[in-house]
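Quick look at run37.pdb (PDB, C-alpha atoms):
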ATOM      1  CA  ARG A  76     -59.429 -37.443  -3.618
ATOM      2  CA  SER A  77     -62.809 -38.375  -5.090
ATOM      3  CA  PRO A  78     -65.115 -35.577  -6.378
ATOM      4  CA  SER A  79     -67.822 -36.477  -3.833
ATOM      5  CA  ARG A  80     -65.335 -36.198  -0.975
ATOM      6  CA  GLY A  81     -64.150 -32.829  -2.276
ATOM      7  CA  LEU A  82     -67.735 -31.555  -2.405
ATOM      8  CA  GLY A  83     -68.270 -32.886   1.097
ATOM      9  CA  ASP A  84     -65.308 -30.849   2.344
ATOM     10  CA  VAL A  85     -66.714 -27.724   0.685
ATOM     11  CA  TYR A  86     -70.089 -28.435   2.240
ATOM     12  CA  LYS A  87     -68.604 -28.781   5.743
ATOM     13  CA  ARG A  88     -66.397 -25.690   5.479
ATOM     14  CA  GLN A  89     -69.180 -23.456   4.236
ATOM     15  CA  GLY A  90     -71.553 -24.852   6.828
ATOM     16  CA  VAL A  91     -69.103 -23.999   9.621
ATOM     17  CA  LEU A  92     -68.486 -20.540   8.137
ATOM     18  CA  ALA A  93     -72.229 -19.880   7.860
ATOM     19  CA  ALA A  94     -72.735 -20.953  11.475
ATOM     20  CA  LEU A  95     -69.954 -18.605  12.616
ATOM     21  CA  CYS A  96     -71.474 -15.725  10.648
ATOM     22  CA  VAL A  97     -74.900 -16.374  12.171
ATOM     23  CA  ALA A  98     -73.425 -16.485  15.676
ATOM     24  CA  ALA A  99     -71.497 -13.263  15.051
ATOM     25  CA  ALA A 100     -74.610 -11.582  13.647
ATOM     26  CA  ALA A 101     -76.587 -12.570  16.737
ATOM     27  CA  CYS A 102     -73.952 -11.207  19.132
ATOM     28  CA  ALA A 103     -72.782  -8.120  17.235
ATOM     29  CA  PRO A 104     -74.209  -4.710  18.218
ATOM     30  CA  PRO A 105     -76.614  -3.426  15.524
ATOM     31  CA  ALA A 106     -75.365   0.155  15.745
ATOM     32  CA  ALA A 107     -71.831  -0.778  14.827
ATOM     33  CA  GLY A 108     -72.848  -2.248  11.491
ATOM     34  CA  ALA A 109     -71.096  -5.501  12.325
ATOM     35  CA  ARG A 110     -74.385  -7.394  12.489
ATOM     36  CA  SER A 111     -75.248  -6.355   8.944
ATOM     37  CA  ALA A 112     -71.847  -7.440   7.635
ATOM     38  CA  CYS A 113     -72.053 -10.806   9.388
ATOM     39  CA  THR A 114     -75.586 -11.303   8.098
ATOM     40  CA  GLN A 115     -74.374 -10.661   4.560
ATOM     41  CA  GLY A 116     -71.634 -13.238   5.080
ATOM     42  CA  ALA A 117     -74.132 -15.789   6.375
ATOM     43  CA  LEU A 118     -76.443 -15.211   3.401
ATOM     44  CA  LEU A 119     -73.573 -15.570   0.939
ATOM     45  CA  CYS A 120     -72.491 -18.800   2.629
ATOM     46  CA  SER A 121     -76.059 -20.094   2.473
ATOM     47  CA  THR A 122     -76.166 -19.521  -1.285
ATOM     48  CA  LEU A 123     -72.820 -21.238  -1.823
ATOM     49  CA  LEU A 124     -73.852 -23.997   0.573
ATOM     50  CA  GLY A 125     -76.981 -24.617  -1.484
ATOM     51  CA  LEU A 126     -74.907 -24.834  -4.650
ATOM     52  CA  ALA A 127     -72.490 -27.284  -3.052
ATOM     53  CA  LEU A 128     -75.363 -29.415  -1.783
ATOM     54  CA  GLY A 129     -76.968 -29.473  -5.222
ATOM     55  CA  GLU A 130     -73.706 -30.569  -6.796
ATOM     56  CA  ALA A 131     -73.254 -33.302  -4.193
ATOM     57  CA  LEU A 132     -76.652 -34.890  -4.816
ATOM     58  CA  PRO A 133     -76.847 -38.171  -6.771
ATOM     59  CA  PRO A 134     -77.503 -37.750 -10.525
ATOM     60  CA  ARG A 135     -81.142 -38.848 -10.285
ATOM     61  CA  ALA A 136     -81.846 -36.456  -7.437
ATOM     62  CA  ARG A 137     -79.964 -33.659  -9.205
ATOM     63  CA  ALA A 138     -82.277 -34.052 -12.211
ATOM     64  CA  TRP A 139     -85.159 -32.908  -9.977
ATOM     65  CA  LEU A 140     -83.183 -30.637  -7.656
ATOM     66  CA  PRO A 141     -80.432 -28.955  -9.680
ATOM     67  CA  PRO A 142     -77.993 -26.637  -7.874
ATOM     68  CA  ILE A 143     -79.884 -23.491  -8.889
ATOM     69  CA  VAL A 144     -82.985 -24.761  -7.057
ATOM     70  CA  THR A 145     -81.136 -25.821  -3.903
ATOM     71  CA  ALA A 146     -79.239 -22.521  -3.825
ATOM     72  CA  THR A 147     -82.506 -20.580  -4.138
ATOM     73  CA  ALA A 148     -84.094 -22.631  -1.369
ATOM     74  CA  PHE A 149     -81.148 -22.196   0.991
ATOM     75  CA  THR A 150     -80.994 -18.452   0.319
ATOM     76  CA  SER A 151     -84.736 -18.053   0.959
ATOM     77  CA  LEU A 152     -84.466 -19.931   4.249
ATOM     78  CA  ALA A 153     -81.473 -17.820   5.240
ATOM     79  CA  LEU A 154     -83.380 -14.614   4.435
ATOM     80  CA  ALA A 155     -86.270 -15.757   6.624
ATOM     81  CA  ALA A 156     -83.855 -16.602   9.453
ATOM     82  CA  ALA A 157     -82.089 -13.238   9.139
ATOM     83  CA  ALA A 158     -85.424 -11.399   9.204
ATOM     84  CA  ALA A 159     -86.415 -13.318  12.345
ATOM     85  CA  LEU A 160     -83.066 -12.367  13.901
ATOM     86  CA  TYR A 161     -83.731  -8.665  13.392
ATOM     87  CA  GLY A 162     -87.337  -9.059  14.517
ATOM     88  CA  ALA A 163     -88.604  -5.800  13.016
ATOM     89  CA  HIS A 164     -91.577  -5.467  10.699
ATOM     90  CA  GLY A 165     -90.452  -5.538   7.074
ATOM     91  CA  ALA A 166     -87.015  -6.827   8.044
ATOM     92  CA  ARG A 167     -87.097  -9.510   5.328
ATOM     93  CA  GLU A 168     -87.419  -6.902   2.585
ATOM     94  CA  VAL A 169     -84.618  -4.812   4.089
ATOM     95  CA  VAL A 170     -82.265  -7.793   4.430
ATOM     96  CA  ALA A 171     -83.087  -8.995   0.902
ATOM     97  CA  ALA A 172     -82.413  -5.535  -0.543
ATOM     98  CA  ARG A 173     -79.060  -5.321   1.257
ATOM     99  CA  TYR A 174     -78.088  -8.784   0.093
ATOM    100  CA  ALA A 175     -79.034  -7.950  -3.497
ATOM    101  CA  ALA A 176     -76.954  -4.771  -3.353
ATOM    102  CA  GLY A 177     -73.969  -6.458  -1.707
ATOM    103  CA  ALA A 178     -73.104 -10.139  -2.033
ATOM    104  CA  GLY A 179     -75.929 -10.691  -4.508
ATOM    105  CA  ARG A 180     -74.460  -8.120  -6.867
ATOM    106  CA  ALA A 181     -71.047  -9.768  -6.580
ATOM    107  CA  LEU A 182     -72.543 -13.132  -7.534
ATOM    108  CA  GLY A 183     -74.548 -11.483 -10.313
ATOM    109  CA  SER A 184     -71.350 -10.078 -11.799
ATOM    110  CA  LEU A 185     -70.384 -13.660 -12.647
ATOM    111  CA  LEU A 186     -73.372 -13.938 -14.991
ATOM    112  CA  ALA A 187     -71.697 -12.068 -17.853
ATOM    113  CA  PRO A 188     -68.667 -14.398 -18.109
ATOM    114  CA  THR A 189     -71.023 -17.368 -17.702
ATOM    115  CA  VAL A 190     -73.055 -16.255 -20.695
ATOM    116  CA  ALA A 191     -69.875 -15.540 -22.647
ATOM    117  CA  SER A 192     -68.717 -19.089 -21.942
ATOM    118  CA  PHE A 193     -71.708 -20.361 -23.918
ATOM    119  CA  ALA A 194     -69.800 -19.314 -27.033
ATOM    120  CA  PHE A 195     -67.455 -22.273 -26.546
ATOM    121  CA  ALA A 196     -70.407 -24.672 -26.586
ATOM    122  CA  LEU A 197     -71.769 -23.002 -29.732
ATOM    123  CA  PHE A 198     -68.394 -23.250 -31.444
ATOM    124  CA  SER A 199     -68.054 -26.934 -30.607
ATOM    125  CA  GLN A 200     -71.382 -27.693 -32.316
ATOM    126  CA  ARG A 201     -71.067 -25.167 -35.157
ATOM    127  CA  LYS A 202     -71.305 -27.730 -37.968
ATOM    128  CA  GLN A 203     -74.448 -29.350 -36.662
ATOM    129  CA  ILE A 204     -75.984 -25.939 -35.975
ATOM    130  CA  ALA A 205     -75.219 -24.791 -39.520
ATOM    131  CA  ARG A 206     -76.791 -27.916 -41.018
ATOM    132  CA  SER A 207     -80.037 -27.520 -39.111
ATOM    133  CA  PHE A 208     -80.197 -23.733 -38.753
ATOM    134  CA  GLY A 209     -83.330 -23.380 -40.880
ATOM    135  CA  GLN A 210     -85.147 -26.011 -38.844
ATOM    136  CA  LEU A 211     -83.984 -24.360 -35.631
ATOM    137  CA  VAL A 212     -85.321 -20.953 -36.623
ATOM    138  CA  GLY A 213     -88.631 -22.457 -37.748
ATOM    139  CA  ALA A 214     -89.052 -24.421 -34.524
ATOM    140  CA  ILE A 215     -88.206 -21.388 -32.402
ATOM    141  CA  CYS A 216     -90.701 -19.208 -34.298
ATOM    142  CA  VAL A 217     -93.455 -21.768 -33.785
ATOM    143  CA  SER A 218     -92.507 -22.138 -30.114
ATOM    144  CA  SER A 219     -92.583 -18.362 -29.516
ATOM    145  CA  CYS A 220     -96.028 -17.994 -31.067
ATOM    146  CA  ALA A 221     -97.327 -21.077 -29.262
ATOM    147  CA  GLY A 222     -95.920 -19.872 -25.945
ATOM    148  CA  LEU A 223     -97.629 -16.482 -26.205
ATOM    149  CA  ALA A 224    -100.914 -17.991 -27.387
ATOM    150  CA  GLY A 225    -100.827 -20.685 -24.712
ATOM    151  CA  SER A 226    -100.193 -18.160 -21.949
ATOM    152  CA  ALA A 227    -103.038 -15.956 -23.150
ATOM    153  CA  ILE A 228    -105.449 -18.897 -23.440
ATOM    154  CA  CYS A 229    -104.592 -20.195 -19.977
ATOM    155  CA  ALA A 230    -104.969 -16.740 -18.454
ATOM    156  CA  ARG A 231    -108.341 -16.312 -20.131
ATOM    157  CA  ALA A 232    -109.499 -19.754 -18.980
ATOM    158  CA  LEU A 233    -108.538 -18.878 -15.390
ATOM    159  CA  GLY A 234    -110.389 -15.568 -15.573
ATOM    160  CA  MET A 235    -107.279 -13.449 -15.047
ATOM    161  CA  SER A 236    -107.419  -9.700 -15.594
ATOM    162  CA  ALA A 237    -105.782  -8.007 -18.559
ATOM    163  CA  MET A 238    -103.009  -6.680 -16.285
ATOM    164  CA  ALA A 239    -102.230 -10.142 -14.911
ATOM    165  CA  THR A 240    -102.335 -11.613 -18.416
ATOM    166  CA  ALA A 241     -99.880  -8.978 -19.646
ATOM    167  CA  ALA A 242     -97.502  -9.892 -16.804
ATOM    168  CA  LEU A 243     -97.766 -13.580 -17.711
ATOM    169  CA  LEU A 244     -96.999 -13.263 -21.437
ATOM    170  CA  PRO A 245     -93.186 -12.740 -21.226
ATOM    171  CA  ARG A 246     -92.672 -15.514 -18.641
ATOM    172  CA  SER A 247     -90.549 -17.694 -20.958
ATOM    173  CA  ILE A 248     -87.876 -15.148 -21.876
ATOM    174  CA  THR A 249     -84.852 -13.871 -19.986
ATOM    175  CA  THR A 250     -85.242 -11.166 -17.360
ATOM    176  CA  PRO A 251     -83.845  -8.131 -19.280
ATOM    177  CA  LEU A 252     -86.043  -8.862 -22.300
ATOM    178  CA  ALA A 253     -89.020  -9.630 -20.052
ATOM    179  CA  LEU A 254     -88.702  -6.168 -18.504
ATOM    180  CA  GLU A 255     -88.648  -4.626 -21.990
ATOM    181  CA  ALA A 256     -91.794  -6.585 -22.831
ATOM    182  CA  ALA A 257     -93.379  -5.373 -19.582
ATOM    183  CA  ALA A 258     -92.721  -1.773 -20.620
ATOM    184  CA  LEU A 259     -94.324  -2.424 -24.014
ATOM    185  CA  LEU A 260     -97.416  -3.988 -22.442
ATOM    186  CA  GLY A 261     -97.682  -1.610 -19.498
ATOM    187  CA  ALA A 262     -97.459  -4.592 -17.138
ATOM    188  CA  ASP A 263     -96.281  -4.568 -13.554
ATOM    189  CA  ALA A 264     -92.541  -5.294 -13.553
ATOM    190  CA  GLU A 265     -92.638  -7.200 -10.247
ATOM    191  CA  LEU A 266     -95.362  -9.544 -11.515
ATOM    192  CA  VAL A 267     -93.379 -10.088 -14.711
ATOM    193  CA  LEU A 268     -90.251 -10.984 -12.741
ATOM    194  CA  LEU A 269     -92.270 -13.346 -10.567
ATOM    195  CA  GLY A 270     -93.597 -15.127 -13.658
ATOM    196  CA  VAL A 271     -90.107 -15.421 -15.137
ATOM    197  CA  CYS A 272     -88.644 -16.833 -11.911
ATOM    198  CA  VAL A 273     -91.453 -19.330 -11.348
ATOM    199  CA  THR A 274     -91.274 -20.494 -14.962
ATOM    200  CA  GLY A 275     -87.509 -20.931 -14.885
ATOM    201  CA  LEU A 276     -87.406 -22.694 -11.526
ATOM    202  CA  SER A 277     -90.260 -25.053 -12.408
ATOM    203  CA  THR A 278     -88.915 -25.908 -15.852
ATOM    204  CA  VAL A 279     -85.482 -26.798 -14.499
ATOM    205  CA  PRO A 280     -86.560 -29.858 -12.469
ATOM    206  CA  LEU A 281     -89.600 -30.844 -14.538
ATOM    207  CA  GLY A 282     -88.649 -30.108 -18.166
ATOM    208  CA  ARG A 283     -85.995 -32.712 -18.860
ATOM    209  CA  PRO A 284     -87.697 -35.635 -17.045
ATOM    210  CA  ALA A 285     -90.953 -34.785 -18.820
ATOM    211  CA  MET A 286     -89.287 -34.881 -22.235
ATOM    212  CA  LEU A 287     -87.539 -38.148 -21.455
ATOM    213  CA  ALA A 288     -90.882 -39.587 -20.380
ATOM    214  CA  CYS A 289     -92.356 -38.475 -23.731
ATOM    215  CA  GLY A 290     -89.533 -40.133 -25.646
ATOM    216  CA  VAL A 291     -87.632 -36.975 -26.644
ATOM    217  CA  ARG A 292     -84.037 -38.206 -26.898
ATOM    218  CA  ASP A 293     -82.488 -35.919 -29.514
ATOM    219  CA  PRO A 294     -80.261 -33.300 -27.821
ATOM    220  CA  ALA A 295     -81.188 -30.601 -30.341
ATOM    221  CA  GLU A 296     -84.896 -31.078 -29.674
ATOM    222  CA  ARG A 297     -84.273 -31.111 -25.930
ATOM    223  CA  GLY A 298     -82.192 -27.941 -26.070
ATOM    224  CA  VAL A 299     -84.677 -26.000 -28.207
ATOM    225  CA  ALA A 300     -87.626 -27.066 -26.051
ATOM    226  CA  LEU A 301     -85.994 -26.089 -22.765
ATOM    227  CA  GLY A 302     -84.452 -22.899 -24.156
ATOM    228  CA  CYS A 303     -87.839 -21.677 -25.394
ATOM    229  CA  ALA A 304     -89.884 -22.833 -22.412
ATOM    230  CA  GLY A 305     -87.707 -22.118 -19.401
ATOM    231  CA  ASN A 306     -85.643 -18.985 -20.221
ATOM    232  CA  GLY A 307     -82.128 -18.776 -18.765
ATOM    233  CA  GLY A 308     -82.763 -21.159 -15.876
ATOM    234  CA  SER A 309     -83.214 -24.174 -18.123
ATOM    235  CA  THR A 310     -80.215 -23.200 -20.213
ATOM    236  CA  LEU A 311     -77.997 -23.050 -17.130
ATOM    237  CA  ALA A 312     -79.391 -26.400 -15.999
ATOM    238  CA  LEU A 313     -78.149 -27.899 -19.289
ATOM    239  CA  ALA A 314     -74.576 -26.752 -18.622
ATOM    240  CA  GLN A 315     -73.503 -30.383 -18.142
ATOM    241  CA  ASP A 316     -75.310 -31.510 -21.300
ATOM    242  CA  GLY A 317     -72.773 -30.490 -23.931
ATOM    243  CA  ALA A 318     -74.853 -31.755 -26.854
ATOM    244  CA  ALA A 319     -78.055 -29.894 -25.919
ATOM    245  CA  LEU A 320     -76.585 -26.688 -24.470
ATOM    246  CA  PRO A 321     -75.749 -24.908 -27.777
ATOM    247  CA  PHE A 322     -79.286 -25.400 -29.088
ATOM    248  CA  SER A 323     -80.742 -24.181 -25.814
ATOM    249  CA  VAL A 324     -78.607 -21.028 -25.995
ATOM    250  CA  ILE A 325     -79.766 -20.265 -29.530
ATOM    251  CA  ALA A 326     -83.375 -20.937 -28.591
ATOM    252  CA  MET A 327     -83.152 -18.744 -25.483
ATOM    253  CA  VAL A 328     -81.748 -15.780 -27.420
ATOM    254  CA  LEU A 329     -83.940 -16.001 -30.523
ATOM    255  CA  ASN A 330     -87.096 -16.789 -28.566
ATOM    256  CA  GLY A 331     -86.555 -13.765 -26.344
ATOM    257  CA  ALA A 332     -85.897 -11.430 -29.266
ATOM    258  CA  LEU A 333     -88.856 -12.717 -31.304
ATOM    259  CA  THR A 334     -91.200 -12.509 -28.317
ATOM    260  CA  VAL A 335     -90.323  -8.860 -27.730
ATOM    261  CA  VAL A 336     -90.784  -8.098 -31.436
ATOM    262  CA  LEU A 337     -94.203  -9.785 -31.468
ATOM    263  CA  LEU A 338     -95.329  -7.988 -28.317
ATOM    264  CA  SER A 339     -94.334  -4.635 -29.828
ATOM    265  CA  VAL A 340     -96.938  -5.056 -32.594
ATOM    266  CA  PRO A 341    -100.206  -3.322 -31.548
ATOM    267  CA  TRP A 342    -102.602  -5.818 -33.140
ATOM    268  CA  VAL A 343    -100.748  -8.718 -31.519
ATOM    269  CA  GLN A 344    -101.149  -7.031 -28.126
ATOM    270  CA  ARG A 345    -104.877  -6.538 -28.730
ATOM    271  CA  LEU A 346    -105.281 -10.142 -29.852
ATOM    272  CA  LEU A 347    -103.510 -11.560 -26.791
ATOM    273  CA  LEU A 348    -105.090  -9.239 -24.220
ATOM    274  CA  SER A 349    -108.632  -9.040 -25.581
TER
END
Could I get this structure in the form of structure tokens?
Amino acid sequence: RSPSRGLGDVYKRQGVLAALCVAAAACAPPAAGARSACTQGALLCSTLLGLALGEALPPRARAWLPPIVTATAFTSLALAAAAALYGAHGAREVVAARYAAGAGRALGSLLAPTVASFAFALFSQRKQIARSFGQLVGAICVSSCAGLAGSAICARALGMSAMATAALLPRSITTPLALEAAALLGADAELVLLGVCVTGLSTVPLGRPAMLACGVRDPAERGVALGCAGNGGSTLALAQDGAALPFSVIAMVLNGALTVVLLSVPWVQRLLLS
């Protein structure tokens, strides 16, 4: 069986299962709790359906619409549909919170082994990493400083408030470190998370084509650029790029750590937020 046919079978099965869950959620009595359970099943199927669709796309289309983007889009549409099904004011927030606490948490538990699997990619490129480690650290340091300065300059040019600027500064680092940076800056955590998500989701489809258009062919350069610019989203998008993935992992980790260290320095905060 060809891979595309296998993905097509997954797509059909999950689509049928999602349709059954939606039908059950529409017919189930709300008081019995069955509607909530069926809704959770439909939302989970929508996420997996989006992943399967992203994997089934042609390579050129997948460069612009990787699985993480299609899964996010399908889940958002499913949340809107579930909120419309309940029909109550604020139903979208309630359904999203339940999904995050249920099926979303189960999917999130897979993140730790995914990150641990990056160690295999690092080990496979250990010799090349060792040879260019000094250059890597230097490039990541420059990228961290440039990212913070660029965010502050753009926010100032757009006339953003100091609070909005503070929420924008940690946009290029992973979520746990971004929340630590938010605490250091006194920024709103929800705005910080929004900046991180938008940055990651926009860098995934646009980062690699943009670098190819600029003539960036070296996998190390590509990995460092995406790891520093697009946080964990870009790193996950490079999972199929075995040559660039290790450098993206190193850049993601060191860029996040250095950004938090820089934002913990009082005079750096004053310089960026003044």
### Proximity to Leu259 (chain A) - best of A:Ala136, A:Leu320, A:Ala181, A:Ala242, only C-alpha atoms
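With only C-alpha atoms as the atom set, the closest residue is A:Ala242.
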### Task
Please provide as a list of chain:residue names all residues within 7 Å of region 284-301 of chain A, with the sequence filter that same-chain residues fewer than 6 positions apart are discarded (counting all atoms listed in the file).
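Residues meeting the cut-off are A:Ser309, A:Thr310, A:Ala318, A:Ala319, A:Leu320, A:Phe322, A:Ser323, A:Ala326.
The result of the PyMOL selection byres ((chain A and resi 281) around 12) on the shown file is Ala136, Arg137, Ala138, Trp139, Leu140, Pro141, Val144, Thr274, Gly275, Leu276, Ser277, Thr278, Val279, Pro280, Gly282, Arg283, Pro284, Ala285, Met286, Leu287, Ala288, Leu301, Ala304, Gly305, Gly308, Ser309 and Ala312 of chain A.
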### Query
What is the CA of Cys120 (chain A) to CA of Pro188 (chain A) distance in Å?
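If I compute the distance from CA of Cys120 (chain A) to CA of Pro188 (chain A), I get 21.5 Å.
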### Separation of CA of Leu154 (chain A) from CA of Ala127 (chain A) in Å
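Between CA of Ala127 (chain A) and CA of Leu154 (chain A) the gap is 18.3 Å.
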### Query
So how many Å separate CA of Ile325 (chain A) and CA of Cys220 (chain A), to one decimal?
16.5 Å
### Query
Applied to the shown file, which residues does the PyMOL selection byres ((chain A and resi 249) around 7) return, written as a ChimeraX atom specification?
/A:247-248,250-253,306-307,331
## Note on the structure
Judged by all atoms listed in the file, the minimum distance to Pro321 (chain A) among A:Ser219, A:Thr122, A:Thr334, A:Gln203 is found for A:Gln203
### Message
Translate the PyMOL selection byres ((chain A and resi 178) around 12) into a concrete residue list for this structure, as JSON, numbers by chain.
### Response
{"A": [111, 112, 113, 114, 115, 116, 117, 118, 119, 120, 121, 122, 123, 150, 170, 171, 172, 173, 174, 175, 176, 177, 179, 180, 181, 182, 183, 184, 185]}
### Nearest to Val336 (chain A), chosen from A:Val212, A:Cys303, A:Ala239, A:Ala256, with all atoms listed in the file counted in the distances
A:Ala256
Step by step, gather every atom of region 186-190 of chain A that the file lists, find the box along x, y and z that holds them, add 8 Å on each side, and finally give centre and edge lengths in Å to one decimal, as JSON.
{"center_x": -71.0, "center_y": -14.7, "center_z": -17.8, "size_x": 20.7, "size_y": 21.3, "size_z": 21.7}
### Query
Any idea what's packed within 12 Å of Ala258 (chain A), counting only C-alpha atoms, ignoring anything in its chain fewer than 6 positions away? Could you give it as a list in words?
Ala241, Ala242, Pro245, Pro251, Leu252, Ala264, Glu265, Val267, Val335, Leu338 and Ser339 of chain A
Expected file contents, prior selection, C-alpha atoms, as an mmCIF file, in the coordinates of the input:
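The result, written out as result_32.cif:
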data_model
loop_
_atom_site.group_PDB
_atom_site.id
_atom_site.type_symbol
_atom_site.label_atom_id
_atom_site.label_comp_id
_atom_site.auth_asym_id
_atom_site.auth_seq_id
_atom_site.Cartn_x
_atom_site.Cartn_y
_atom_site.Cartn_z
ATOM 1 C CA ALA A 241 -99.880 -8.978 -19.646
ATOM 2 C CA ALA A 242 -97.502 -9.892 -16.804
ATOM 3 C CA PRO A 245 -93.186 -12.740 -21.226
ATOM 4 C CA PRO A 251 -83.845 -8.131 -19.280
ATOM 5 C CA LEU A 252 -86.043 -8.862 -22.300
ATOM 6 C CA ALA A 264 -92.541 -5.294 -13.553
ATOM 7 C CA GLU A 265 -92.638 -7.200 -10.247
ATOM 8 C CA VAL A 267 -93.379 -10.088 -14.711
ATOM 9 C CA VAL A 335 -90.323 -8.860 -27.730
ATOM 10 C CA LEU A 338 -95.329 -7.988 -28.317
ATOM 11 C CA SER A 339 -94.334 -4.635 -29.828
#
### Task
Using all atoms listed in the file, pick whichever of A:Val340, A:Arg167, A:Leu268, A:Leu311 has the shortest atom-to-atom distance to Val190 (chain A).
A:Leu311
